[in-house]
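Peer 1: Input: one structure, supplied below.
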Amino acid sequence: MIDHNTIERIQDAAQIEEVVSDFVTLRRRGVNMVGLCPFHDDRSPSFYVSPAKNICKCFSCGEGGSPIHFVMKHEQMSYYEALKYLARKYNIEIVEKELTNEEKQQQSDRESMLILNEYACNYFVKTLHSHPEGRSVGLTYFKERGIREDIIKKFQLGYSLEERGAFSVEAQKAGYNIDFLLKTGLSFGGEQNRPLMDRFRGRVIFPVHSISGKVVAFGGRILKKVENVGKYVNSPESDIYSKSKELYGIFFAKSAMVKQDKCFLVEGYTDVLSMHQAGIENVVASSGTALTHGQIRMIHRFTENITVLYDGDTAGINAALRGIDLLLEDGMNVKVVLLPEGEDPDSFARKQNAESFHRYISENETDFIRFKTDLLIEEVGDDPIKRSGMISNIVNSIAIIPDAITRSVYIQECSQSLKMPERVLIAEINKIRKRDWDKRKEQKNRVSVGTSVSPKAHK
Ligand SMILES: [Zn+2]
């Protein structure tokens, strides 16, 4: 519990623009500041922050309120948690009284799972640095991969012992509930009073931090060669973790993303680590799956410029063509960099410093539509049927770009490189946009009919 005086001190200290800008990039507009709303699918800034009134409000979805309200809503925290969060941010000391058993009970599952993950994260870190097996197996692995001490600490890398239930036993001794060990996926088994087993045993650990820095999941990489066992395992989906909503590295990238007004997208954990080590911090990893709208929105709140790094082999090039349309659709400026053949972002970054890395990027960065066009032209050659397929492929990508001016720039360019009259491309693009618009309208109608009908169905 927090006493009344402390609550007042927190309320006085918390400045709305400082609180919001930890999560949303704000720009001045008159006496207010504006940014993309974090609570709905916002494409033009509708989220207003008034430093004078110390409140925020979205003029599209209506969400907003005081700094405490914003933190509660954005971080899905209780009132009490939000106060603690703000107290930490403003260095206000809280004297807490010990929670009674009843109060402990009342803490939501979500909070309990996050507390357990925090404990597990510290346990794995301690094991990596202090346990003989952690040092000889885990730490040696990271060192051999050339990962520096400061990066290991920053990303809270850890190690889980080989012994079947080493962590589960420790956690239960420390008072953590079996339910939450199972719900977070840290442990499994335990039926009919059999002992719990550790999901990550014998693996080095990569904690996944949410945008506000909470550990919501873990990735574990196995070091031994074991048949029928995946190289990586991840925490299962849970109340606190949805794979499609998180981006590895976002917490450590967000301020650099704002400063550089750019985000690098890579695939794996180690790509992110190596780039940080080379001094490039505005980088996130999609963990090998195509980006979702939710993930793109998260990036878009900090910058609209995204550069995707790919391996320079054929598989890398093909991957480069997939999943980009979603980025274009969200109005992002998408660029592509192919790395030298045989390199992935991890191996490449390890040979660079920040300066040489940036030089390579600026010399090799290609606008996505241009990249795609050049690539397809080369691939298709003179075959007329393939050629028309290629043109419709490119036209489809241009058609989903929301901004009309950007679209027309691409149309001009493609008209030249594809040797097609502009008006033909424009007609084709308009046809696609009309079709998509109709489709969306139809879906909207269906949704609104659905919602107006369903309450009756309950009666
Ligand atoms: Zn909104």
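In the structure tokens, chains take letters A, B, ... by order of appearance, with residues numbered from 1 within each chain and ligands from 1 in the order shown.
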Taking only C-alpha atoms and all ligand atoms into account, which residues have an atom no farther than 8 Å from ligand 1? I'd like them as an MDAnalysis selection string.
Peer 2: chainID A and resid 36:42 46:47 57:63
Peer 1: Write out as a PyMOL selection string which residues come within 9 Å of stretch 112-128 of chain A when counting only C-alpha atoms, dropping same-chain ones fewer than 6 positions away.
Peer 2: chain A and resi 134-139+153+156-161+167+170-171+176-177+180-181+183-184+186+204-205+207+214-218+239-240
Peer 1: Tell me which of A:Glu237, A:Glu343, A:Glu227, A:Asp374 sits closest to A:Gly185, counting only C-alpha atoms.
Peer 2: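 Result for the nearest residue to A:Gly185: A:Glu237.
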Peer 1: Can you tell me which residues surround A:Thr25 at a distance of at most 8 Å, considering only C-alpha atoms, apart from same-chain residues fewer than 4 positions away, and format the answer as a PyMOL selection string?
Peer 2: chain A and resi 21+35-36+258+301-303
Peer 1: Write the selection just made, keeping C-alpha atoms, as a PDB file, in the first residue's frame?
Peer 2:
```
ATOM      1  CA  SER A  21       6.913  10.127 -24.811  1.00  0.00           C
ATOM      2  CA  GLY A  35       1.626  11.675 -31.938  1.00  0.00           C
ATOM      3  CA  LEU A  36       0.192   8.444 -33.276  1.00  0.00           C
ATOM      4  CA  VAL A 258      13.447   8.254 -32.313  1.00  0.00           C
ATOM      5  CA  ARG A 301       4.941   5.051 -33.175  1.00  0.00           C
ATOM      6  CA  PHE A 302       8.664   5.848 -33.060  1.00  0.00           C
ATOM      7  CA  THR A 303       9.559   6.251 -36.732  1.00  0.00           C
TER       8      THR A 303
END
```
Peer 1: Using only C-alpha atoms, determine which residues lie at most 12 Å from stretch 378-389 of chain A, disregarding the query and same-chain residues fewer than 5 positions distant; provide the list as a list of chain:residue names.
Peer 2: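 Final neighbour list, sorted by chain and number: A:Asn318, A:Phe371, A:Lys372, A:Thr373, A:Ile394, A:Val395, A:Asn396, A:Ser417, A:Leu418, A:Lys419, A:Met420, A:Leu425, A:Glu428.
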Peer 1: Can I get the selected residues back with N, CA and C atoms, as a short mmCIF file (atom, residue, chain, number, x, y, z; two decimals), in the first residue's frame?
Peer 2:
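Result saved to selection11.cif:
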```cif
data_model
loop_
_atom_site.label_atom_id
_atom_site.label_comp_id
_atom_site.auth_asym_id
_atom_site.auth_seq_id
_atom_site.Cartn_x
_atom_site.Cartn_y
_atom_site.Cartn_z
N ASN A 318 14.55 -13.84 -51.70
CA ASN A 318 13.14 -14.22 -51.76
C ASN A 318 12.40 -13.79 -50.50
N PHE A 371 13.81 -1.85 -55.65
CA PHE A 371 14.50 -3.13 -55.46
C PHE A 371 13.71 -4.26 -56.11
N LYS A 372 12.43 -4.27 -55.82
CA LYS A 372 11.56 -5.33 -56.34
C LYS A 372 11.48 -5.26 -57.87
N THR A 373 11.34 -4.05 -58.39
CA THR A 373 11.23 -3.88 -59.84
C THR A 373 12.50 -4.38 -60.54
N ILE A 394 4.03 -5.81 -59.22
CA ILE A 394 4.57 -4.52 -58.76
C ILE A 394 3.45 -3.51 -58.54
N VAL A 395 2.51 -3.51 -59.48
CA VAL A 395 1.38 -2.60 -59.38
C VAL A 395 0.60 -2.84 -58.08
N ASN A 396 0.47 -4.10 -57.70
CA ASN A 396 -0.20 -4.43 -56.45
C ASN A 396 0.49 -3.80 -55.24
N SER A 417 11.07 2.25 -65.94
CA SER A 417 11.86 1.01 -65.88
C SER A 417 11.10 -0.17 -66.49
N LEU A 418 9.77 -0.13 -66.47
CA LEU A 418 9.01 -1.24 -67.06
C LEU A 418 8.64 -0.97 -68.52
N LYS A 419 8.95 0.23 -68.97
CA LYS A 419 8.58 0.67 -70.33
C LYS A 419 7.08 0.50 -70.57
N MET A 420 6.32 1.03 -69.63
CA MET A 420 4.85 1.00 -69.74
C MET A 420 4.35 2.43 -69.63
N LEU A 425 -0.54 2.16 -66.04
CA LEU A 425 -0.27 1.80 -64.64
C LEU A 425 -1.28 2.45 -63.71
N GLU A 428 -4.60 0.73 -63.82
CA GLU A 428 -4.52 -0.56 -63.15
C GLU A 428 -4.56 -0.37 -61.62
#
```
Peer 1: Give me, as a tab-separated table (two decimals) with N, CA, C and O atoms, in the first residue's frame, all polymer residues having an atom no more than 12 Å from stretch 87-93 of chain A, counting only C-alpha atoms and skipping those fewer than 6 positions away in the same chain.
Peer 2:
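What follows is the written file part_8.tsv:
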```tsv
chain	number	residue	atom	x	y	z
A	2	ILE	N	0.38	2.30	-0.62
A	2	ILE	CA	1.13	3.56	-0.69
A	2	ILE	C	0.33	4.62	0.06
A	2	ILE	O	-0.88	4.75	-0.12
A	3	ASP	N	1.03	5.38	0.91
A	3	ASP	CA	0.29	6.36	1.70
A	3	ASP	C	-0.11	7.58	0.86
A	3	ASP	O	0.46	7.84	-0.20
A	5	ASN	N	0.21	10.85	1.10
A	5	ASN	CA	1.19	11.88	0.77
A	5	ASN	C	2.05	11.50	-0.42
A	5	ASN	O	2.33	12.31	-1.29
A	6	THR	N	2.48	10.24	-0.42
A	6	THR	CA	3.33	9.79	-1.51
A	6	THR	C	2.57	9.83	-2.84
A	6	THR	O	3.12	10.23	-3.86
A	7	ILE	N	1.31	9.43	-2.80
A	7	ILE	CA	0.50	9.48	-4.02
A	7	ILE	C	0.45	10.90	-4.56
A	7	ILE	O	0.62	11.14	-5.75
A	8	GLU	N	0.26	11.86	-3.66
A	8	GLU	CA	0.21	13.26	-4.10
A	8	GLU	C	1.54	13.70	-4.71
A	8	GLU	O	1.57	14.40	-5.72
A	9	ARG	N	2.63	13.26	-4.10
A	9	ARG	CA	3.94	13.63	-4.65
A	9	ARG	C	4.12	13.06	-6.05
A	9	ARG	O	4.66	13.70	-6.94
A	10	ILE	N	3.65	11.83	-6.23
A	10	ILE	CA	3.77	11.21	-7.56
A	10	ILE	C	2.94	11.97	-8.58
A	10	ILE	O	3.39	12.29	-9.68
A	11	GLN	N	1.71	12.31	-8.18
A	11	GLN	CA	0.83	13.05	-9.10
A	11	GLN	C	1.44	14.40	-9.48
A	11	GLN	O	1.32	14.84	-10.62
A	12	ASP	N	2.08	15.05	-8.51
A	12	ASP	CA	2.69	16.35	-8.81
A	12	ASP	C	3.88	16.23	-9.74
A	12	ASP	O	4.12	17.08	-10.59
A	13	ALA	N	4.63	15.15	-9.58
A	13	ALA	CA	5.87	15.02	-10.34
A	13	ALA	C	5.63	14.58	-11.78
A	13	ALA	O	6.35	14.99	-12.70
A	14	ALA	N	4.61	13.75	-12.00
A	14	ALA	CA	4.44	13.12	-13.31
A	14	ALA	C	3.98	14.12	-14.36
A	14	ALA	O	2.88	14.66	-14.28
A	15	GLN	N	4.85	14.38	-15.33
A	15	GLN	CA	4.51	15.27	-16.44
A	15	GLN	C	4.00	14.44	-17.60
A	15	GLN	O	4.68	13.54	-18.07
A	18	GLU	N	6.27	13.79	-20.57
A	18	GLU	CA	7.40	12.91	-20.28
A	18	GLU	C	6.96	11.46	-20.16
A	18	GLU	O	7.66	10.54	-20.58
A	19	VAL	N	5.78	11.28	-19.61
A	19	VAL	CA	5.27	9.92	-19.43
A	19	VAL	C	4.89	9.31	-20.78
A	19	VAL	O	5.29	8.20	-21.12
A	22	ASP	N	7.70	8.26	-23.43
A	22	ASP	CA	8.42	7.00	-23.29
A	22	ASP	C	7.86	5.94	-24.23
A	22	ASP	O	8.48	4.90	-24.45
A	67	PRO	N	-1.58	11.24	-16.35
A	67	PRO	CA	-0.42	10.36	-16.50
A	67	PRO	C	-0.66	8.97	-15.90
A	67	PRO	O	-0.30	7.97	-16.51
A	68	ILE	N	-1.27	8.91	-14.74
A	68	ILE	CA	-1.51	7.60	-14.12
A	68	ILE	C	-2.46	6.77	-14.98
A	68	ILE	O	-2.22	5.59	-15.25
A	71	VAL	N	-0.64	5.38	-18.04
A	71	VAL	CA	0.23	4.24	-17.73
A	71	VAL	C	-0.60	2.98	-17.47
A	71	VAL	O	-0.28	1.89	-17.96
A	80	TYR	N	-2.27	0.73	-8.51
A	80	TYR	CA	-1.15	0.59	-7.61
A	80	TYR	C	0.17	0.41	-8.37
A	80	TYR	O	1.18	1.06	-8.10
A	81	GLU	N	0.14	-0.45	-9.38
A	81	GLU	CA	1.34	-0.70	-10.19
A	81	GLU	C	1.76	0.55	-10.95
A	81	GLU	O	2.94	0.83	-11.09
A	212	SER	N	7.99	-1.78	-22.48
A	212	SER	CA	8.31	-1.05	-21.25
A	212	SER	C	9.38	-1.76	-20.42
A	212	SER	O	9.67	-1.36	-19.30
```
Peer 1: When DSSP works through the backbone of this structure, what residues of stretch 176-414 of chain A end up as strand (DSSP E or B), shown as a compact mmCIF listing (two decimals) with N, CA and C atoms, in the first residue's frame?
Peer 2:
```txt
# COMPACT_ATOMS: atom_id res chain seq x y z
N SER A 187 7.97 -24.00 -16.63
CA SER A 187 8.01 -25.42 -16.27
C SER A 187 6.89 -26.14 -16.98
N PHE A 188 7.01 -27.46 -17.05
CA PHE A 188 5.90 -28.26 -17.56
C PHE A 188 5.88 -29.59 -16.82
N GLY A 189 4.86 -30.39 -17.10
CA GLY A 189 4.74 -31.66 -16.39
C GLY A 189 4.05 -31.44 -15.06
N LEU A 196 8.10 -31.09 -11.40
CA LEU A 196 8.07 -30.24 -12.58
C LEU A 196 9.38 -30.35 -13.35
N MET A 197 9.30 -30.09 -14.66
CA MET A 197 10.52 -30.08 -15.46
C MET A 197 10.73 -28.69 -16.05
N ASP A 198 12.00 -28.36 -16.27
CA ASP A 198 12.33 -27.03 -16.79
C ASP A 198 12.25 -27.02 -18.32
N ARG A 203 20.01 -24.80 -21.82
CA ARG A 203 19.99 -23.79 -22.90
C ARG A 203 20.50 -22.44 -22.40
N VAL A 204 21.08 -21.67 -23.32
CA VAL A 204 21.34 -20.27 -23.01
C VAL A 204 20.03 -19.51 -23.22
N ILE A 205 19.85 -18.47 -22.41
CA ILE A 205 18.55 -17.81 -22.32
C ILE A 205 18.60 -16.38 -22.86
N PHE A 206 17.63 -16.08 -23.72
CA PHE A 206 17.44 -14.71 -24.21
C PHE A 206 16.08 -14.21 -23.71
N PRO A 207 16.06 -13.37 -22.67
CA PRO A 207 14.77 -12.85 -22.22
C PRO A 207 14.18 -11.91 -23.28
N VAL A 208 12.85 -11.97 -23.43
CA VAL A 208 12.16 -11.07 -24.35
C VAL A 208 11.52 -9.96 -23.53
N HIS A 209 11.97 -8.72 -23.76
CA HIS A 209 11.45 -7.58 -22.99
C HIS A 209 10.33 -6.90 -23.76
N VAL A 215 10.02 -8.48 -18.58
CA VAL A 215 10.34 -9.75 -19.23
C VAL A 215 9.05 -10.53 -19.42
N VAL A 216 8.59 -10.65 -20.66
CA VAL A 216 7.32 -11.32 -20.92
C VAL A 216 7.50 -12.75 -21.41
N ALA A 217 8.71 -13.08 -21.85
CA ALA A 217 8.95 -14.42 -22.37
C ALA A 217 10.45 -14.68 -22.42
N PHE A 218 10.79 -15.93 -22.75
CA PHE A 218 12.20 -16.29 -22.92
C PHE A 218 12.37 -17.08 -24.20
N GLY A 219 13.54 -16.93 -24.80
CA GLY A 219 13.94 -17.83 -25.86
C GLY A 219 15.15 -18.58 -25.35
N GLY A 220 15.22 -19.88 -25.65
CA GLY A 220 16.37 -20.65 -25.18
C GLY A 220 17.01 -21.38 -26.34
N ARG A 221 18.32 -21.29 -26.42
CA ARG A 221 19.02 -21.97 -27.50
C ARG A 221 19.80 -23.14 -26.91
N ILE A 222 19.59 -24.31 -27.48
CA ILE A 222 20.29 -25.49 -26.96
C ILE A 222 21.72 -25.48 -27.47
N TYR A 232 15.97 -23.80 -31.01
CA TYR A 232 15.39 -22.79 -30.12
C TYR A 232 14.06 -23.26 -29.56
N VAL A 233 13.82 -23.00 -28.28
CA VAL A 233 12.44 -23.08 -27.79
C VAL A 233 12.08 -21.71 -27.23
N ASN A 234 10.80 -21.41 -27.27
CA ASN A 234 10.33 -20.13 -26.75
C ASN A 234 9.22 -20.36 -25.74
N SER A 238 0.77 -16.79 -23.59
CA SER A 238 0.16 -16.77 -22.26
C SER A 238 -0.55 -15.44 -22.06
N TYR A 241 2.08 -12.93 -22.76
CA TYR A 241 2.93 -13.02 -23.95
C TYR A 241 2.16 -13.46 -25.18
N TYR A 248 11.53 -8.48 -30.57
CA TYR A 248 12.74 -8.62 -29.76
C TYR A 248 13.61 -7.37 -29.92
N CYS A 263 14.39 2.57 -38.18
CA CYS A 263 14.44 1.29 -37.48
C CYS A 263 15.02 0.23 -38.42
N PHE A 264 15.98 -0.53 -37.94
CA PHE A 264 16.48 -1.67 -38.71
C PHE A 264 15.72 -2.91 -38.28
N LEU A 265 15.35 -3.71 -39.27
CA LEU A 265 14.65 -4.95 -38.97
C LEU A 265 15.53 -6.13 -39.36
N VAL A 266 15.76 -7.03 -38.40
CA VAL A 266 16.54 -8.23 -38.65
C VAL A 266 15.72 -9.44 -38.21
N VAL A 283 17.47 -1.23 -33.60
CA VAL A 283 17.25 -2.48 -34.33
C VAL A 283 16.32 -3.40 -33.55
N VAL A 284 15.38 -4.03 -34.27
CA VAL A 284 14.50 -5.02 -33.66
C VAL A 284 14.48 -6.28 -34.53
N ALA A 285 14.09 -7.41 -33.91
CA ALA A 285 14.03 -8.67 -34.65
C ALA A 285 12.61 -9.19 -34.68
N ASN A 305 10.38 5.21 -40.84
CA ASN A 305 11.39 4.70 -41.77
C ASN A 305 11.93 3.36 -41.29
N ILE A 306 11.79 2.36 -42.13
CA ILE A 306 12.27 1.04 -41.74
C ILE A 306 13.18 0.49 -42.83
N THR A 307 14.30 -0.06 -42.39
CA THR A 307 15.24 -0.66 -43.33
C THR A 307 15.41 -2.13 -42.96
N VAL A 308 15.11 -2.98 -43.91
CA VAL A 308 15.15 -4.41 -43.65
C VAL A 308 16.48 -4.98 -44.14
N LEU A 309 17.18 -5.69 -43.26
CA LEU A 309 18.47 -6.27 -43.63
C LEU A 309 18.29 -7.75 -43.97
N TYR A 310 18.81 -8.14 -45.12
CA TYR A 310 18.67 -9.53 -45.54
C TYR A 310 20.01 -10.15 -45.89
N ASN A 333 7.97 3.99 -44.85
CA ASN A 333 8.95 4.06 -45.94
C ASN A 333 9.88 2.88 -45.80
N VAL A 334 9.80 1.96 -46.75
CA VAL A 334 10.54 0.71 -46.60
C VAL A 334 11.77 0.69 -47.49
N LYS A 335 12.91 0.41 -46.88
CA LYS A 335 14.13 0.22 -47.67
C LYS A 335 14.69 -1.16 -47.39
N VAL A 336 15.49 -1.62 -48.33
CA VAL A 336 16.04 -2.96 -48.24
C VAL A 336 17.55 -2.88 -48.40
N VAL A 337 18.27 -3.64 -47.59
CA VAL A 337 19.71 -3.77 -47.78
C VAL A 337 20.05 -5.25 -47.88
N LEU A 338 20.69 -5.63 -48.98
CA LEU A 338 21.19 -6.99 -49.08
C LEU A 338 22.62 -6.99 -48.58
N THR A 366 18.35 0.34 -50.72
CA THR A 366 17.52 0.56 -51.90
C THR A 366 16.07 0.67 -51.47
N ASP A 367 15.40 1.59 -52.07
CA ASP A 367 13.97 1.70 -51.87
C ASP A 367 13.29 0.39 -52.28
```
Peer 1: Excluding stretch 325-329 of chain A and any residue of its chain fewer than 5 positions from it, enumerate the residues within 8 Å of it, using only C-alpha atoms, and give them as a list in words.
Peer 2: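 Answer for this query is Leu291, Thr292, His293, Ile296, Val334, Ser397, Ile400, Ile401 and Pro402 of chain A.
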Peer 1: Applying 12 Å and only C-alpha atoms, which residues near A:Ser347 remain after dropping the ones on its own chain fewer than 3 positions away? List them as a PyMOL selection string.
Peer 2: chain A and resi 145-147+268+270-275+277-278+310-311+339-344+350-352
Peer 1: Just the helix (DSSP H, G or I) stuff from stretch 45-86 of chain A, please, per backbone DSSP, written as a list in words.
Peer 2: Pro67, Ile68, His69, Phe70, Val71, Met72, Lys73, His74, Glu75, Tyr79, Tyr80, Glu81, Ala82, Leu83, Lys84, Tyr85 and Leu86 of chain A
Peer 1: Would you export the selected residues with C-alpha atoms as a compact mmCIF listing (two decimals), in the first residue's frame, please?
Peer 2:
```
# COMPACT_ATOMS: atom_id res chain seq x y z
CA PRO A 67 -0.42 10.36 -16.50
CA ILE A 68 -1.51 7.60 -14.12
CA HIS A 69 -4.47 6.72 -16.31
CA PHE A 70 -2.24 6.61 -19.39
CA VAL A 71 0.23 4.24 -17.73
CA MET A 72 -2.56 1.99 -16.43
CA LYS A 73 -4.15 1.73 -19.84
CA HIS A 74 -0.99 1.49 -21.90
CA GLU A 75 0.89 -0.96 -19.70
CA TYR A 79 -3.64 1.72 -10.21
CA TYR A 80 -1.15 0.59 -7.61
CA GLU A 81 1.34 -0.70 -10.19
CA ALA A 82 1.07 2.49 -12.23
CA LEU A 83 1.89 4.56 -9.14
CA LYS A 84 4.93 2.39 -8.48
CA TYR A 85 6.00 2.75 -12.11
CA LEU A 86 5.80 6.55 -11.95
```
Peer 1: Which residue out of A:Gln443, A:Gln295, A:Asn393, A:Asn282 has the minimum interatomic distance to A:Arg322 when only C-alpha atoms are used?
Peer 2: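 So, comparing all the options, the nearest one is A:Asn393.
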Peer 1: Between A:Glu281, A:Ser287, A:Ser244, A:Gly230, single out the one closest to A:Ala256, counting only C-alpha atoms.
Peer 2: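 With only C-alpha atoms as the atom set, the closest residue is A:Glu281.
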Peer 1: In terms of the shortest atom-to-atom distance over only C-alpha atoms, which of A:Glu191, A:Asp179, A:Asp438, A:Glu17 is closest to A:Met33?
Peer 2: A:Glu17
Peer 1: Would you work out the distance separating atom CA of A:Gly175 from atom CA of A:Gln76, expressed in Å to one decimal?
Peer 2: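 Separation of atom CA of A:Gly175 and atom CA of A:Gln76: 25.1 Å.
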Peer 1: How many Å lie between atom CA of A:Phe251 and atom CA of A:Ser210, rounded to one decimal?
Peer 2: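 It comes out at 6.3 Å.
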